[in-house]
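To be precise, the following lines are upload-v1.cif, and they hold mmCIF, C-alpha atoms.
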data_start
loop_
_atom_site.group_PDB
_atom_site.id
_atom_site.type_symbol
_atom_site.label_atom_id
_atom_site.label_comp_id
_atom_site.auth_asym_id
_atom_site.auth_seq_id
_atom_site.Cartn_x
_atom_site.Cartn_y
_atom_site.Cartn_z
ATOM 1 C CA MET A 24 19.937 45.440 18.089
ATOM 2 C CA THR A 25 16.456 43.927 18.490
ATOM 3 C CA ARG A 26 15.298 41.579 15.778
ATOM 4 C CA GLY A 27 11.790 41.878 14.442
ATOM 5 C CA PRO A 28 9.209 39.086 14.633
ATOM 6 C CA VAL A 29 9.569 36.162 12.292
ATOM 7 C CA GLY A 30 7.470 36.688 9.187
ATOM 8 C CA PRO A 31 4.809 34.318 7.807
ATOM 9 C CA ALA A 32 7.119 33.243 4.985
ATOM 10 C CA ALA A 33 9.774 32.121 7.473
ATOM 11 C CA TRP A 34 7.187 30.160 9.475
ATOM 12 C CA ARG A 35 5.925 28.437 6.316
ATOM 13 C CA LEU A 36 9.489 27.555 5.356
ATOM 14 C CA ALA A 37 10.182 26.164 8.849
ATOM 15 C CA ARG A 38 6.983 24.094 8.846
ATOM 16 C CA ARG A 39 7.743 22.750 5.388
ATOM 17 C CA ALA A 40 11.300 21.832 6.379
ATOM 18 C CA THR A 41 10.030 20.106 9.529
ATOM 19 C CA PHE A 42 7.462 18.185 7.509
ATOM 20 C CA TYR A 43 10.021 16.911 4.997
ATOM 21 C CA VAL A 44 12.489 15.947 7.730
ATOM 22 C CA ALA A 45 9.773 13.989 9.541
ATOM 23 C CA LEU A 46 8.678 12.425 6.234
ATOM 24 C CA MET A 47 12.231 11.290 5.472
ATOM 25 C CA LEU A 48 12.564 9.773 8.928
ATOM 26 C CA VAL A 49 9.298 7.846 8.594
ATOM 27 C CA LEU A 50 10.127 6.678 5.069
ATOM 28 C CA GLY A 51 13.577 5.649 6.223
ATOM 29 C CA VAL A 52 12.113 3.360 8.880
ATOM 30 C CA PHE A 53 9.915 1.545 6.328
ATOM 31 C CA VAL A 54 11.983 1.791 3.135
ATOM 32 C CA PHE A 55 15.468 1.140 4.505
ATOM 33 C CA PRO A 56 14.841 -2.537 5.423
ATOM 34 C CA PHE A 57 13.710 -3.273 1.861
ATOM 35 C CA PHE A 58 16.689 -1.373 0.448
ATOM 36 C CA TRP A 59 19.078 -3.241 2.745
ATOM 37 C CA MET A 60 17.526 -6.575 1.809
ATOM 38 C CA ALA A 61 17.834 -5.920 -1.932
ATOM 39 C CA PHE A 62 21.306 -4.417 -1.493
ATOM 40 C CA ASN A 63 22.665 -7.456 0.353
ATOM 41 C CA SER A 64 21.106 -9.888 -2.111
ATOM 42 C CA PHE A 65 23.890 -8.963 -4.549
ATOM 43 C CA LYS A 66 26.668 -9.700 -2.036
ATOM 44 C CA THR A 67 28.477 -12.914 -1.306
ATOM 45 C CA HIS A 68 28.040 -14.516 2.100
ATOM 46 C CA GLU A 69 31.441 -13.216 3.214
ATOM 47 C CA LYS A 70 30.654 -9.660 2.113
ATOM 48 C CA ILE A 71 27.366 -9.712 3.992
ATOM 49 C CA LEU A 72 29.172 -10.608 7.223
ATOM 50 C CA GLU A 73 31.753 -7.836 6.854
ATOM 51 C CA TYR A 74 31.798 -5.124 9.498
ATOM 52 C CA PRO A 75 31.605 -2.266 8.870
ATOM 53 C CA PRO A 76 29.318 -3.038 5.921
ATOM 54 C CA ALA A 77 30.846 -2.681 2.460
ATOM 55 C CA PHE A 78 28.952 -0.264 0.221
ATOM 56 C CA VAL A 79 31.358 -0.675 -2.694
ATOM 57 C CA PHE A 80 31.701 -4.256 -3.897
ATOM 58 C CA ALA A 81 31.515 -6.433 -7.004
ATOM 59 C CA PRO A 82 27.838 -7.476 -7.299
ATOM 60 C CA THR A 83 26.988 -11.103 -7.926
ATOM 61 C CA LEU A 84 23.868 -12.934 -9.110
ATOM 62 C CA SER A 85 24.879 -16.213 -7.507
ATOM 63 C CA ASN A 86 22.322 -15.816 -4.711
ATOM 64 C CA PHE A 87 19.486 -15.498 -7.208
ATOM 65 C CA ARG A 88 20.767 -18.478 -9.200
ATOM 66 C CA ASN A 89 20.825 -20.533 -6.007
ATOM 67 C CA VAL A 90 17.206 -19.606 -5.301
ATOM 68 C CA PHE A 91 16.107 -21.050 -8.645
ATOM 69 C CA TRP A 92 18.501 -24.022 -8.587
ATOM 70 C CA GLN A 93 18.025 -25.143 -4.985
ATOM 71 C CA THR A 94 14.248 -24.671 -4.791
ATOM 72 C CA PRO A 95 11.301 -25.115 -7.196
ATOM 73 C CA PHE A 96 10.804 -21.348 -7.129
ATOM 74 C CA ILE A 97 8.495 -21.200 -10.160
ATOM 75 C CA GLN A 98 6.196 -23.839 -8.665
ATOM 76 C CA TYR A 99 6.168 -22.050 -5.324
ATOM 77 C CA THR A 100 5.296 -18.797 -7.103
ATOM 78 C CA TRP A 101 2.365 -20.447 -8.858
ATOM 79 C CA ASN A 102 1.219 -21.914 -5.551
ATOM 80 C CA SER A 103 1.346 -18.483 -3.910
ATOM 81 C CA VAL A 104 -0.673 -16.961 -6.742
ATOM 82 C CA LEU A 105 -3.368 -19.640 -6.512
ATOM 83 C CA VAL A 106 -3.612 -19.577 -2.714
ATOM 84 C CA SER A 107 -3.456 -15.807 -2.208
ATOM 85 C CA PHE A 108 -5.793 -14.831 -5.054
ATOM 86 C CA GLY A 109 -8.105 -17.737 -4.250
ATOM 87 C CA SER A 110 -8.368 -16.754 -0.598
ATOM 88 C CA VAL A 111 -8.976 -13.110 -1.513
ATOM 89 C CA GLY A 112 -11.645 -14.081 -4.067
ATOM 90 C CA VAL A 113 -13.498 -16.308 -1.617
ATOM 91 C CA GLY A 114 -12.947 -13.688 1.074
ATOM 92 C CA MET A 115 -14.689 -11.133 -1.135
ATOM 93 C CA LEU A 116 -17.629 -13.460 -1.721
ATOM 94 C CA LEU A 117 -18.053 -13.927 2.025
ATOM 95 C CA GLY A 118 -16.828 -10.589 3.367
ATOM 96 C CA LEU A 119 -18.801 -8.199 1.146
ATOM 97 C CA PRO A 120 -22.271 -9.541 2.044
ATOM 98 C CA ALA A 121 -21.211 -9.689 5.696
ATOM 99 C CA ALA A 122 -20.004 -6.090 5.640
ATOM 100 C CA TYR A 123 -23.158 -4.939 3.853
ATOM 101 C CA GLY A 124 -25.394 -6.727 6.330
ATOM 102 C CA ILE A 125 -23.550 -5.242 9.291
ATOM 103 C CA ALA A 126 -23.606 -1.734 7.780
ATOM 104 C CA ARG A 127 -27.301 -1.814 6.868
ATOM 105 C CA TYR A 128 -28.845 -3.964 9.605
ATOM 106 C CA GLY A 129 -26.502 -3.344 12.536
ATOM 107 C CA HIS A 130 -25.433 -6.896 13.380
ATOM 108 C CA ARG A 131 -22.766 -5.643 15.779
ATOM 109 C CA THR A 132 -22.457 -8.946 17.638
ATOM 110 C CA PHE A 133 -21.601 -10.675 14.393
ATOM 111 C CA ALA A 134 -19.131 -7.899 13.597
ATOM 112 C CA LEU A 135 -17.484 -8.314 16.993
ATOM 113 C CA SER A 136 -17.148 -12.057 16.507
ATOM 114 C CA ILE A 137 -15.401 -11.486 13.167
ATOM 115 C CA LEU A 138 -13.041 -9.014 14.807
ATOM 116 C CA VAL A 139 -12.246 -11.491 17.579
ATOM 117 C CA CYS A 140 -11.372 -14.112 14.948
ATOM 118 C CA ARG A 141 -8.968 -11.630 13.388
ATOM 119 C CA MET A 142 -7.379 -10.832 16.757
ATOM 120 C CA ILE A 143 -6.698 -14.482 17.645
ATOM 121 C CA PRO A 144 -3.133 -15.486 16.650
ATOM 122 C CA GLY A 145 -3.134 -17.608 13.528
ATOM 123 C CA ILE A 146 -1.053 -20.305 15.224
ATOM 124 C CA SER A 147 -4.059 -21.054 17.470
ATOM 125 C CA PHE A 148 -5.938 -22.411 14.450
ATOM 126 C CA LEU A 149 -3.159 -24.677 13.222
ATOM 127 C CA VAL A 150 -3.669 -27.720 15.467
ATOM 128 C CA PRO A 151 -7.460 -28.030 14.996
ATOM 129 C CA TRP A 152 -7.107 -27.284 11.290
ATOM 130 C CA PHE A 153 -4.404 -29.891 10.911
ATOM 131 C CA ILE A 154 -6.566 -32.535 12.597
ATOM 132 C CA VAL A 155 -9.655 -31.671 10.557
ATOM 133 C CA PHE A 156 -7.801 -31.253 7.257
ATOM 134 C CA ARG A 157 -5.982 -34.558 7.713
ATOM 135 C CA ALA A 158 -9.289 -36.326 8.341
ATOM 136 C CA LEU A 159 -10.790 -34.706 5.233
ATOM 137 C CA GLY A 160 -7.727 -35.275 3.050
ATOM 138 C CA LEU A 161 -7.072 -31.526 2.645
ATOM 139 C CA ILE A 162 -3.435 -31.522 3.745
ATOM 140 C CA ASP A 163 -1.164 -30.489 0.864
ATOM 141 C CA THR A 164 -4.094 -29.205 -1.205
ATOM 142 C CA TYR A 165 -4.912 -25.772 -2.566
ATOM 143 C CA THR A 166 -8.437 -26.041 -1.158
ATOM 144 C CA GLY A 167 -7.139 -26.552 2.362
ATOM 145 C CA LEU A 168 -4.749 -23.615 2.126
ATOM 146 C CA VAL A 169 -7.429 -21.308 0.734
ATOM 147 C CA ILE A 170 -9.804 -22.268 3.560
ATOM 148 C CA ALA A 171 -7.049 -21.697 6.129
ATOM 149 C CA HIS A 172 -6.260 -18.240 4.768
ATOM 150 C CA LEU A 173 -9.903 -17.168 5.024
ATOM 151 C CA VAL A 174 -9.273 -16.419 8.691
ATOM 152 C CA ILE A 175 -6.994 -13.644 7.395
ATOM 153 C CA THR A 176 -8.922 -12.319 4.404
ATOM 154 C CA VAL A 177 -12.569 -12.454 5.537
ATOM 155 C CA PRO A 178 -12.238 -10.381 8.761
ATOM 156 C CA LEU A 179 -9.942 -7.867 7.052
ATOM 157 C CA ILE A 180 -12.222 -7.375 4.043
ATOM 158 C CA THR A 181 -15.332 -7.246 6.216
ATOM 159 C CA TRP A 182 -14.063 -4.589 8.590
ATOM 160 C CA ILE A 183 -12.648 -2.394 5.837
ATOM 161 C CA MET A 184 -15.835 -2.562 3.790
ATOM 162 C CA ILE A 185 -18.247 -1.834 6.655
ATOM 163 C CA GLY A 186 -17.254 1.833 6.612
ATOM 164 C CA PHE A 187 -17.621 2.089 2.852
ATOM 165 C CA PHE A 188 -21.091 0.536 2.809
ATOM 166 C CA GLU A 189 -22.210 2.818 5.645
ATOM 167 C CA GLU A 190 -21.372 5.846 3.484
ATOM 168 C CA VAL A 191 -23.469 4.686 0.514
ATOM 169 C CA PRO A 192 -26.568 6.922 0.437
ATOM 170 C CA LEU A 193 -29.578 4.937 1.587
ATOM 171 C CA GLU A 194 -31.773 6.944 -0.774
ATOM 172 C CA LEU A 195 -30.094 5.340 -3.797
ATOM 173 C CA GLU A 196 -30.907 1.866 -2.510
ATOM 174 C CA GLU A 197 -34.491 2.862 -1.757
ATOM 175 C CA ALA A 198 -34.820 4.240 -5.296
ATOM 176 C CA GLY A 199 -33.546 0.923 -6.634
ATOM 177 C CA ARG A 200 -36.137 -0.981 -4.584
ATOM 178 C CA ILE A 201 -38.883 1.287 -5.931
ATOM 179 C CA ASP A 202 -37.696 0.548 -9.488
ATOM 180 C CA GLY A 203 -38.124 -3.167 -8.848
ATOM 181 C CA CYS A 204 -34.686 -4.345 -7.715
ATOM 182 C CA SER A 205 -34.531 -7.094 -5.150
ATOM 183 C CA ARG A 206 -32.288 -6.795 -2.093
ATOM 184 C CA LEU A 207 -29.652 -8.831 -3.920
ATOM 185 C CA GLY A 208 -30.019 -6.619 -6.985
ATOM 186 C CA VAL A 209 -29.597 -3.468 -4.901
ATOM 187 C CA PHE A 210 -26.488 -4.952 -3.325
ATOM 188 C CA LEU A 211 -24.905 -6.031 -6.626
ATOM 189 C CA ARG A 212 -26.028 -3.192 -8.900
ATOM 190 C CA ILE A 213 -25.935 -0.181 -6.580
ATOM 191 C CA ALA A 214 -23.951 -0.759 -3.389
ATOM 192 C CA VAL A 215 -21.002 -2.752 -4.751
ATOM 193 C CA PRO A 216 -20.241 -0.428 -7.724
ATOM 194 C CA LEU A 217 -20.288 2.600 -5.411
ATOM 195 C CA VAL A 218 -17.675 1.107 -3.077
ATOM 196 C CA ARG A 219 -15.214 0.144 -5.824
ATOM 197 C CA PRO A 220 -12.307 2.131 -4.288
ATOM 198 C CA GLY A 221 -12.842 0.203 -1.067
ATOM 199 C CA LEU A 222 -12.805 -3.082 -2.976
ATOM 200 C CA VAL A 223 -9.380 -2.230 -4.369
ATOM 201 C CA SER A 224 -7.978 -1.245 -0.976
ATOM 202 C CA ALA A 225 -9.429 -4.236 0.867
ATOM 203 C CA GLY A 226 -8.380 -6.624 -1.885
ATOM 204 C CA ILE A 227 -4.791 -5.414 -1.966
ATOM 205 C CA LEU A 228 -4.388 -5.444 1.812
ATOM 206 C CA ALA A 229 -5.889 -8.924 2.066
ATOM 207 C CA LEU A 230 -3.689 -10.115 -0.793
ATOM 208 C CA ILE A 231 -0.551 -8.800 0.912
ATOM 209 C CA PHE A 232 -1.379 -10.594 4.155
ATOM 210 C CA ALA A 233 -2.234 -13.828 2.340
ATOM 211 C CA TRP A 234 0.874 -13.589 0.119
ATOM 212 C CA ASN A 235 3.171 -13.166 3.126
ATOM 213 C CA SER A 236 1.554 -15.858 5.262
ATOM 214 C CA PHE A 237 4.178 -18.294 6.530
ATOM 215 C CA LEU A 238 2.761 -20.528 9.288
ATOM 216 C CA PHE A 239 -0.214 -21.902 7.369
ATOM 217 C CA PRO A 240 1.713 -23.197 4.322
ATOM 218 C CA LEU A 241 4.568 -24.366 6.544
ATOM 219 C CA ILE A 242 2.292 -26.753 8.463
ATOM 220 C CA LEU A 243 -0.677 -27.406 6.157
ATOM 221 C CA ALA A 244 1.125 -27.533 2.807
ATOM 222 C CA GLY A 245 3.300 -30.278 1.408
ATOM 223 C CA VAL A 246 5.776 -30.702 -1.405
ATOM 224 C CA LYS A 247 3.196 -29.831 -4.069
ATOM 225 C CA THR A 248 1.575 -26.771 -2.493
ATOM 226 C CA LYS A 249 4.267 -24.911 -0.536
ATOM 227 C CA THR A 250 4.224 -21.173 -1.112
ATOM 228 C CA LEU A 251 6.945 -18.569 -1.513
ATOM 229 C CA PRO A 252 7.505 -17.611 2.162
ATOM 230 C CA VAL A 253 8.564 -21.203 2.791
ATOM 231 C CA VAL A 254 11.411 -20.668 0.297
ATOM 232 C CA VAL A 255 13.153 -18.425 2.834
ATOM 233 C CA TYR A 256 12.902 -21.147 5.467
ATOM 234 C CA SER A 257 14.658 -23.607 3.140
ATOM 235 C CA PHE A 258 17.866 -21.551 3.372
ATOM 236 C CA MET A 259 18.038 -22.090 7.128
ATOM 237 C CA THR A 260 19.474 -25.279 8.599
ATOM 238 C CA PHE A 261 20.490 -26.237 12.103
ATOM 239 C CA ASP A 262 24.176 -25.582 11.367
ATOM 240 C CA TYR A 263 24.189 -22.968 8.570
ATOM 241 C CA LEU A 264 22.387 -19.769 7.648
ATOM 242 C CA ASP A 265 22.599 -18.838 3.963
ATOM 243 C CA LEU A 266 22.181 -15.084 4.296
ATOM 244 C CA GLY A 267 22.649 -14.430 0.592
ATOM 245 C CA GLY A 268 19.920 -16.900 -0.305
ATOM 246 C CA ILE A 269 17.587 -15.458 2.324
ATOM 247 C CA TYR A 270 18.087 -11.912 1.047
ATOM 248 C CA ALA A 271 17.669 -12.951 -2.599
ATOM 249 C CA ALA A 272 14.551 -15.046 -1.938
ATOM 250 C CA SER A 273 13.023 -12.286 0.207
ATOM 251 C CA THR A 274 13.652 -9.738 -2.543
ATOM 252 C CA LEU A 275 12.016 -11.934 -5.175
ATOM 253 C CA ILE A 276 9.039 -12.592 -2.915
ATOM 254 C CA THR A 277 8.509 -8.907 -2.093
ATOM 255 C CA LEU A 278 9.003 -7.546 -5.608
ATOM 256 C CA PRO A 279 5.661 -8.735 -7.128
ATOM 257 C CA VAL A 280 3.668 -7.128 -4.319
ATOM 258 C CA VAL A 281 5.578 -3.846 -4.665
ATOM 259 C CA VAL A 282 5.011 -3.790 -8.427
ATOM 260 C CA MET A 283 1.310 -4.551 -8.021
ATOM 261 C CA VAL A 284 0.832 -1.776 -5.461
ATOM 262 C CA LEU A 285 2.649 0.695 -7.715
ATOM 263 C CA LEU A 286 0.405 -0.225 -10.644
ATOM 264 C CA VAL A 287 -2.817 0.424 -8.705
ATOM 265 C CA GLN A 288 -1.519 3.040 -6.292
ATOM 266 C CA ARG A 289 -4.023 5.694 -7.333
ATOM 267 C CA GLN A 290 -7.038 3.503 -6.686
ATOM 268 C CA PHE A 291 -5.403 2.116 -3.551
ATOM 269 C CA ILE A 292 -4.663 5.528 -2.035
ATOM 270 C CA ARG A 293 -8.086 6.815 -3.049
ATOM 271 C CA GLY A 294 -9.760 3.902 -1.322
ATOM 272 C CA LEU A 295 -7.749 4.432 1.860
ATOM 273 C CA THR A 296 -8.447 8.155 2.022
ATOM 274 C CA ILE A 297 -12.029 8.789 0.959
ATOM 275 C CA GLY A 298 -13.570 6.152 3.232
ATOM 276 C CA GLY A 299 -16.604 5.764 0.991
ATOM 277 C CA LEU A 300 -19.028 8.209 -0.605
ATOM 278 C CA LYS A 301 -20.705 11.016 1.288
ATOM 279 C CA GLY A 302 -24.419 11.194 1.086
#
Just give me the structure of the file as structure tokens.
Amino acid sequence: MTRGPVGPAAWRLARRATFYVALMLVLGVFVFPFFWMAFNSFKTHEKILEYPPAFVFAPTLSNFRNVFWQTPFIQYTWNSVLVSFGSVGVGMLLGLPAAYGIARYGHRTFALSILVCRMIPGISFLVPWFIVFRALGLIDTYTGLVIAHLVITVPLITWIMIGFFEEVPLELEEAGRIDGCSRLGVFLRIAVPLVRPGLVSAGILALIFAWNSFLFPLILAGVKTKTLPVVVYSFMTFDYLDLGGIYAASTLITLPVVVMVLLVQRQFIRGLTIGGLKG
């Protein structure tokens, strides 16, 4: 008996099933490590080392207590907030005018130099920064850490915002100039408000990179200004690896960023998808 051709409904069902299977696979690659990290943070060191892994166990909060007892976690959190938000704020002040200038006046050489700075590994800046910061007394200071993190935030913000500024209709800026606005007024009153979704996206991405930065605070910070990623390093010694502490500290460090992204997810997704306004 010969079967008839597959109908459109069957093809739609097959495509939808394929899409959801692929989506689950992709989400599994990115979500599973976070789930495994949070899951193991409630295990004892012995339970973490068990093989095969135990999925049924008596949860414990001892790892989280150790994070707060063995490290000045609250101080490190405050340091991370100051450094990450400070570097993003200064990055916005520098990156937005740079992106606007590149988008409107075509300074492609300048844009390429910013991209090259972003491509250079951050560890390449550590030795010269350490020498200069030590001479200027900026080691173990918030100012030094903010300046160091600008190599992360400024190129990222600039390159994200170039596309948004390019999509702002030039006619609106010309109308503003006719009405008496200066170039700075056009930039602040017309261009910047129109690229607000891009500001959210660029700000969040820059904040995530600055929040998770490890090398800069490890070398350039001291007892007073160490940030949260260094907390994880404190649970590693030459003869012992506290896996429970590492998992618990990593969970606590990641949680604020996840919550923040969830709170602004609509603006964040909108900024990533629309790519600016169409003229």
Original post:
In Å to one decimal, how far is atom CA of A:Val169 from atom CA of A:Gly109?
Top reply: 6.2 Å
**OP:** Run the PyMOL selection byres ((chain A and resi 253) around 10) on the file and write out the hits as number ranges by chain.
**Re:** A: 99, 235-241, 244, 249-252, 254-258, 272
Can you spit out the residues from that selection as a compact mmCIF listing (two decimals), in the coordinates of the input, using C-alpha atoms?
# COMPACT_ATOMS: atom_id res chain seq x y z
CA TYR A 99 6.17 -22.05 -5.32
CA ASN A 235 3.17 -13.17 3.13
CA SER A 236 1.55 -15.86 5.26
CA PHE A 237 4.18 -18.29 6.53
CA LEU A 238 2.76 -20.53 9.29
CA PHE A 239 -0.21 -21.90 7.37
CA PRO A 240 1.71 -23.20 4.32
CA LEU A 241 4.57 -24.37 6.54
CA ALA A 244 1.12 -27.53 2.81
CA LYS A 249 4.27 -24.91 -0.54
CA THR A 250 4.22 -21.17 -1.11
CA LEU A 251 6.94 -18.57 -1.51
CA PRO A 252 7.50 -17.61 2.16
CA VAL A 254 11.41 -20.67 0.30
CA VAL A 255 13.15 -18.42 2.83
CA TYR A 256 12.90 -21.15 5.47
CA SER A 257 14.66 -23.61 3.14
CA PHE A 258 17.87 -21.55 3.37
CA ALA A 272 14.55 -15.05 -1.94
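For the pair atom CA of A:Leu138 and atom CA of A:Trp182, the separation is 7.7 Å.
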Original post:
Near A:Asp265, counting all atoms listed in the file, which residues have an atom at most 10 Å away, once you skip same-chain residues fewer than 3 positions from it, shown as a list of chain:residue names?
Top reply: A:Thr67, A:His68, A:Asn86, A:Val255, A:Ser257, A:Phe258, A:Met259, A:Thr260, A:Gly268, A:Ile269, A:Tyr270
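If all atoms listed in the file are the atoms counted, then among A:Ala225, A:Leu179, A:Val104, A:Ala126 the closest residue to A:Pro279 is A:Val104.
Distances from A:Ile242, A:Leu50, A:Leu119, A:Leu211 to A:Gly186 were compared using all atoms listed in the file, and the smallest one belongs to A:Leu119.
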**OP:** Rank A:Val282, A:Leu230, A:Ala171, A:Ala122 by their smallest atom-to-atom distance to A:Phe188, using all atoms listed in the file, and report the top residue only.
**Re:** A:Ala122
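Atom CA of A:Gly129 is found 16.3 Å from atom CA of A:Ala214.
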